[in-house]
Amino acid sequence: MAFEKNSPPQDTCLIFAHRGSKCNRPENTLAAFQEALHVNSDGIELDVHLSKDNQLVVIHDEKVNRTTSGRGRVCDMTLAQLKQLDAGSWFDKAFHKEKIPTLEEVLNLLLKENFAGYLNIEIKTDIINYPGIEKQLFTLMNTQTFPFKVIYSSFNINTLRNLHALGIKDEIAYLAGKTFQRVDLTVVERFITSLHLKKNYVFRHKKLLAPDNKPIRLWGIHSEKDMCLAFQHNISGIFTDFPEKALKIRKNQSN
């Protein structure tokens, strides 16, 4: 069954389900993305790594230890080995059938459900360098035209440069946390279309919120207080583990 979705007004602060509906499903699994669709999240955020046999797989950590039944690095395992792991029981035994999905499997789910929002793909190259991951991603995403908007983000500026050099026309977002304090905004390259930043940094530097600046999205927004703060300012979007709660708060504020 495909979910009907009404698009929010253009100036609305968009709500991205961080690693899917992470509050009540095992993160970065098809179950989490299905639930994010079910509650009508504006966007979905996920993380991609490369397996040993160069397959784009959706998982947050460089190691499988925290969120699966296995141990070891993603890059040291083939897709077949990764698929043998239980990616749900760590969260709840009811999800024991969940597996680490490939990015292609997530795309197929979004197509099946007629998703027309935003898909934020974070390329996890800030700790392990995956040679060729940008080309793999570019090739996969050009196999067809998708009905949803795609955003590519990374903490690794070189990854973003590589995507730009490949000719990607979708949005490219610079993702930063504490290290952003050492980055001069005036030298953020022109091809970077938006900034994904931490709340505290943004609200200490209110000039970032000027209407003529690059769109700002905040990550790590999980409390009602932080959600309300974001909705009251010129914030383009938030990444949250609690998309259903955020949607209700946004609706209440707009009434």
# chains A, B, ... in the order shown; residues from 1 in each chain; ligands from 1
>>> residues_around(residues="stretch 109-118 of chain A", least_positions_apart="4", cutoff="6 Å", atoms="only C-alpha atoms", output="PyMOL selection string")
chain A and resi 2+42-43+147-150
>>> write_last_selection(atoms="N, CA and C atoms", output="mmCIF file, in the first residue's frame")
data_model
loop_
_atom_site.group_PDB
_atom_site.id
_atom_site.type_symbol
_atom_site.label_atom_id
_atom_site.label_comp_id
_atom_site.auth_asym_id
_atom_site.auth_seq_id
_atom_site.Cartn_x
_atom_site.Cartn_y
_atom_site.Cartn_z
ATOM 1 N N ALA A 2 0.649 2.135 -0.949
ATOM 2 C CA ALA A 2 1.408 3.379 -1.021
ATOM 3 C C ALA A 2 0.767 4.422 -0.126
ATOM 4 N N ASP A 42 8.719 14.320 5.956
ATOM 5 C CA ASP A 42 9.041 15.073 4.740
ATOM 6 C C ASP A 42 10.248 14.479 4.035
ATOM 7 N N GLY A 43 11.162 13.957 4.839
ATOM 8 C CA GLY A 43 12.381 13.414 4.274
ATOM 9 C C GLY A 43 12.890 12.230 5.068
ATOM 10 N N PRO A 147 11.144 10.040 -8.226
ATOM 11 C CA PRO A 147 10.094 11.041 -7.961
ATOM 12 C C PRO A 147 10.374 11.884 -6.724
ATOM 13 N N PHE A 148 11.414 11.537 -5.974
ATOM 14 C CA PHE A 148 11.776 12.293 -4.779
ATOM 15 C C PHE A 148 13.059 13.074 -5.039
ATOM 16 N N LYS A 149 13.288 14.094 -4.217
ATOM 17 C CA LYS A 149 14.488 14.928 -4.327
ATOM 18 C C LYS A 149 15.618 14.288 -3.530
ATOM 19 N N VAL A 150 16.826 14.358 -4.062
ATOM 20 C CA VAL A 150 17.982 13.728 -3.434
ATOM 21 C C VAL A 150 18.947 14.797 -2.930
#
>>> residues_around(residues="A:Phe155", least_positions_apart="4", cutoff="6 Å", atoms="only C-alpha atoms", output="list in words")
Asp126, Leu175 and Ala176 of chain A
>>> residues_around(residues="A:Glu105", least_positions_apart="5", cutoff="12 Å", atoms="only C-alpha atoms", output="list in words")
Asn28, Thr29, Leu30, Ala31, Phe33, Gln34, Gln55, Leu56, Val57, Val58, Lys99, Ile100, Leu110, Leu111, Lys112 and Leu140 of chain A
>>> select_by_dssp(residues="stretch 12-105 of chain A", states="alpha helix (DSSP H)", output="JSON, numbers by chain")
{"A": [30, 31, 32, 33, 34, 35, 36, 37, 38, 79, 80, 81, 82, 83, 103, 104, 105]}
>>> closest_atom_pairs(of="stretch 107-205 of chain A", to="stretch 236-250 of chain A", cutoff="12 Å", atoms="only C-alpha atoms", output="JSON lines")
{"residue": "A:Tyr118", "atom": "CA", "partner": "A:Gly237", "partner_atom": "CA", "distance": 10.7}
{"residue": "A:Leu119", "atom": "CA", "partner": "A:Phe239", "partner_atom": "CA", "distance": 11.6}
{"residue": "A:Asn120", "atom": "CA", "partner": "A:Phe239", "partner_atom": "CA", "distance": 9.9}
{"residue": "A:Leu175", "atom": "CA", "partner": "A:Phe239", "partner_atom": "CA", "distance": 11.8}
{"residue": "A:Ser194", "atom": "CA", "partner": "A:Ser236", "partner_atom": "CA", "distance": 9.2}
{"residue": "A:Leu195", "atom": "CA", "partner": "A:Ser236", "partner_atom": "CA", "distance": 9.7}
{"residue": "A:His196", "atom": "CA", "partner": "A:Ile238", "partner_atom": "CA", "distance": 8.8}
{"residue": "A:Leu197", "atom": "CA", "partner": "A:Ile238", "partner_atom": "CA", "distance": 9.6}
{"residue": "A:Lys198", "atom": "CA", "partner": "A:Ile238", "partner_atom": "CA", "distance": 10.0}
{"residue": "A:Lys199", "atom": "CA", "partner": "A:Ile238", "partner_atom": "CA", "distance": 9.7}
>>> write_last_selection(atoms="all heavy atoms", output="PDB file, in the first residue's frame")
ATOM      1  N   TYR A 118      12.038  14.003   0.312  1.00  0.00           N
ATOM      2  CA  TYR A 118      13.484  14.184   0.196  1.00  0.00           C
ATOM      3  C   TYR A 118      14.206  12.958   0.740  1.00  0.00           C
ATOM      4  O   TYR A 118      13.848  12.442   1.789  1.00  0.00           O
ATOM      5  CB  TYR A 118      13.942  15.411   0.995  1.00  0.00           C
ATOM      6  CG  TYR A 118      13.476  16.734   0.447  1.00  0.00           C
ATOM      7  CD1 TYR A 118      12.167  17.164   0.651  1.00  0.00           C
ATOM      8  CD2 TYR A 118      14.345  17.567  -0.261  1.00  0.00           C
ATOM      9  CE1 TYR A 118      11.732  18.388   0.154  1.00  0.00           C
ATOM     10  CE2 TYR A 118      13.921  18.789  -0.761  1.00  0.00           C
ATOM     11  CZ  TYR A 118      12.614  19.196  -0.544  1.00  0.00           C
ATOM     12  OH  TYR A 118      12.180  20.402  -1.049  1.00  0.00           O
ATOM     13  N   LEU A 119      15.232  12.539   0.029  1.00  0.00           N
ATOM     14  CA  LEU A 119      16.108  11.476   0.513  1.00  0.00           C
ATOM     15  C   LEU A 119      17.497  12.061   0.707  1.00  0.00           C
ATOM     16  O   LEU A 119      18.135  12.515  -0.246  1.00  0.00           O
ATOM     17  CB  LEU A 119      16.186  10.312  -0.477  1.00  0.00           C
ATOM     18  CG  LEU A 119      17.197   9.213  -0.108  1.00  0.00           C
ATOM     19  CD1 LEU A 119      16.820   8.539   1.202  1.00  0.00           C
ATOM     20  CD2 LEU A 119      17.328   8.187  -1.229  1.00  0.00           C
ATOM     21  N   ASN A 120      17.960  12.085   1.953  1.00  0.00           N
ATOM     22  CA  ASN A 120      19.305  12.566   2.265  1.00  0.00           C
ATOM     23  C   ASN A 120      20.240  11.362   2.412  1.00  0.00           C
ATOM     24  O   ASN A 120      20.066  10.532   3.304  1.00  0.00           O
ATOM     25  CB  ASN A 120      19.300  13.378   3.551  1.00  0.00           C
ATOM     26  CG  ASN A 120      20.641  14.030   3.832  1.00  0.00           C
ATOM     27  OD1 ASN A 120      20.808  15.229   3.624  1.00  0.00           O
ATOM     28  ND2 ASN A 120      21.623  13.260   4.295  1.00  0.00           N
ATOM     29  N   LEU A 175      28.171  18.703   5.795  1.00  0.00           N
ATOM     30  CA  LEU A 175      27.748  18.244   7.115  1.00  0.00           C
ATOM     31  C   LEU A 175      28.867  18.507   8.105  1.00  0.00           C
ATOM     32  O   LEU A 175      30.018  18.130   7.871  1.00  0.00           O
ATOM     33  CB  LEU A 175      27.424  16.751   7.034  1.00  0.00           C
ATOM     34  CG  LEU A 175      27.038  15.992   8.285  1.00  0.00           C
ATOM     35  CD1 LEU A 175      25.791  16.572   8.921  1.00  0.00           C
ATOM     36  CD2 LEU A 175      26.798  14.521   7.932  1.00  0.00           C
ATOM     37  N   SER A 194      23.839  23.665   0.629  1.00  0.00           N
ATOM     38  CA  SER A 194      23.230  23.806   1.953  1.00  0.00           C
ATOM     39  C   SER A 194      24.205  23.335   3.025  1.00  0.00           C
ATOM     40  O   SER A 194      25.206  22.669   2.732  1.00  0.00           O
ATOM     41  CB  SER A 194      21.921  23.014   2.040  1.00  0.00           C
ATOM     42  OG  SER A 194      22.137  21.657   1.708  1.00  0.00           O
ATOM     43  N   LEU A 195      23.902  23.685   4.279  1.00  0.00           N
ATOM     44  CA  LEU A 195      24.757  23.348   5.404  1.00  0.00           C
ATOM     45  C   LEU A 195      23.954  22.578   6.443  1.00  0.00           C
ATOM     46  O   LEU A 195      22.870  23.013   6.840  1.00  0.00           O
ATOM     47  CB  LEU A 195      25.322  24.625   6.041  1.00  0.00           C
ATOM     48  CG  LEU A 195      26.144  25.528   5.124  1.00  0.00           C
ATOM     49  CD1 LEU A 195      26.416  26.865   5.810  1.00  0.00           C
ATOM     50  CD2 LEU A 195      27.457  24.865   4.728  1.00  0.00           C
ATOM     51  N   HIS A 196      24.476  21.453   6.876  1.00  0.00           N
ATOM     52  CA  HIS A 196      23.840  20.642   7.910  1.00  0.00           C
ATOM     53  C   HIS A 196      24.699  20.750   9.164  1.00  0.00           C
ATOM     54  O   HIS A 196      25.797  20.188   9.228  1.00  0.00           O
ATOM     55  CB  HIS A 196      23.713  19.189   7.452  1.00  0.00           C
ATOM     56  CG  HIS A 196      22.777  19.014   6.301  1.00  0.00           C
ATOM     57  ND1 HIS A 196      22.548  17.795   5.695  1.00  0.00           N
ATOM     58  CD2 HIS A 196      21.997  19.907   5.642  1.00  0.00           C
ATOM     59  CE1 HIS A 196      21.671  17.949   4.717  1.00  0.00           C
ATOM     60  NE2 HIS A 196      21.335  19.225   4.668  1.00  0.00           N
ATOM     61  N   LEU A 197      24.186  21.471  10.168  1.00  0.00           N
ATOM     62  CA  LEU A 197      25.001  21.890  11.301  1.00  0.00           C
ATOM     63  C   LEU A 197      24.353  21.550  12.631  1.00  0.00           C
ATOM     64  O   LEU A 197      23.172  21.208  12.692  1.00  0.00           O
ATOM     65  CB  LEU A 197      25.238  23.411  11.229  1.00  0.00           C
ATOM     66  CG  LEU A 197      25.781  23.962   9.911  1.00  0.00           C
ATOM     67  CD1 LEU A 197      25.838  25.477   9.969  1.00  0.00           C
ATOM     68  CD2 LEU A 197      27.152  23.380   9.607  1.00  0.00           C
ATOM     69  N   LYS A 198      25.136  21.693  13.687  1.00  0.00           N
ATOM     70  CA  LYS A 198      24.632  21.491  15.040  1.00  0.00           C
ATOM     71  C   LYS A 198      23.930  22.754  15.531  1.00  0.00           C
ATOM     72  O   LYS A 198      24.325  23.874  15.211  1.00  0.00           O
ATOM     73  CB  LYS A 198      25.786  21.146  15.989  1.00  0.00           C
ATOM     74  CG  LYS A 198      26.382  19.771  15.755  1.00  0.00           C
ATOM     75  CD  LYS A 198      25.455  18.650  16.191  1.00  0.00           C
ATOM     76  CE  LYS A 198      25.484  18.458  17.684  1.00  0.00           C
ATOM     77  NZ  LYS A 198      24.621  17.341  18.134  1.00  0.00           N
ATOM     78  N   LYS A 199      22.901  22.549  16.325  1.00  0.00           N
ATOM     79  CA  LYS A 199      22.057  23.650  16.808  1.00  0.00           C
ATOM     80  C   LYS A 199      22.846  24.731  17.537  1.00  0.00           C
ATOM     81  O   LYS A 199      22.698  25.929  17.246  1.00  0.00           O
ATOM     82  CB  LYS A 199      20.981  23.087  17.737  1.00  0.00           C
ATOM     83  CG  LYS A 199      20.105  24.135  18.399  1.00  0.00           C
ATOM     84  CD  LYS A 199      19.438  23.585  19.652  1.00  0.00           C
ATOM     85  CE  LYS A 199      20.468  23.347  20.747  1.00  0.00           C
ATOM     86  NZ  LYS A 199      19.866  22.946  22.037  1.00  0.00           N
TER      87      LYS A 199
END
>>> atom_distance(atom1="atom CA of A:Asn24", atom2="atom CA of A:Leu85")
20.2 Å
>>> select_by_dssp(residues="stretch 14-254 of chain A", states="strand (DSSP E or B)", output="ChimeraX atom specification")
/A:14-18,43-50,56-58,63,73,102,118-123,149-154,171-175,194-198,216-219,237-240
>>> closest_residue(among="A:Arg19, A:Leu229, A:Phe138, A:Phe146", to="A:Ala165", atoms="only C-alpha atoms")
A:Phe138
>>> residues_around(residues="A:Gly88", least_positions_apart="5", cutoff="7 Å", atoms="only C-alpha atoms", output="PyMOL selection string")
chain A and resi 26+68+93+95-98
>>> atom_distance(atom1="atom CA of A:Leu50", atom2="atom CA of A:Ala36")
24.1 Å
>>> closest_residue(among="A:Asn213, A:Gln232, A:Thr125, A:Gln136", to="A:Glu62", atoms="only C-alpha atoms")
A:Thr125
>>> closest_residue(among="A:Ile133, A:Cys23, A:Leu46, A:Ala210", to="A:Phe91", atoms="only C-alpha atoms")
A:Cys23
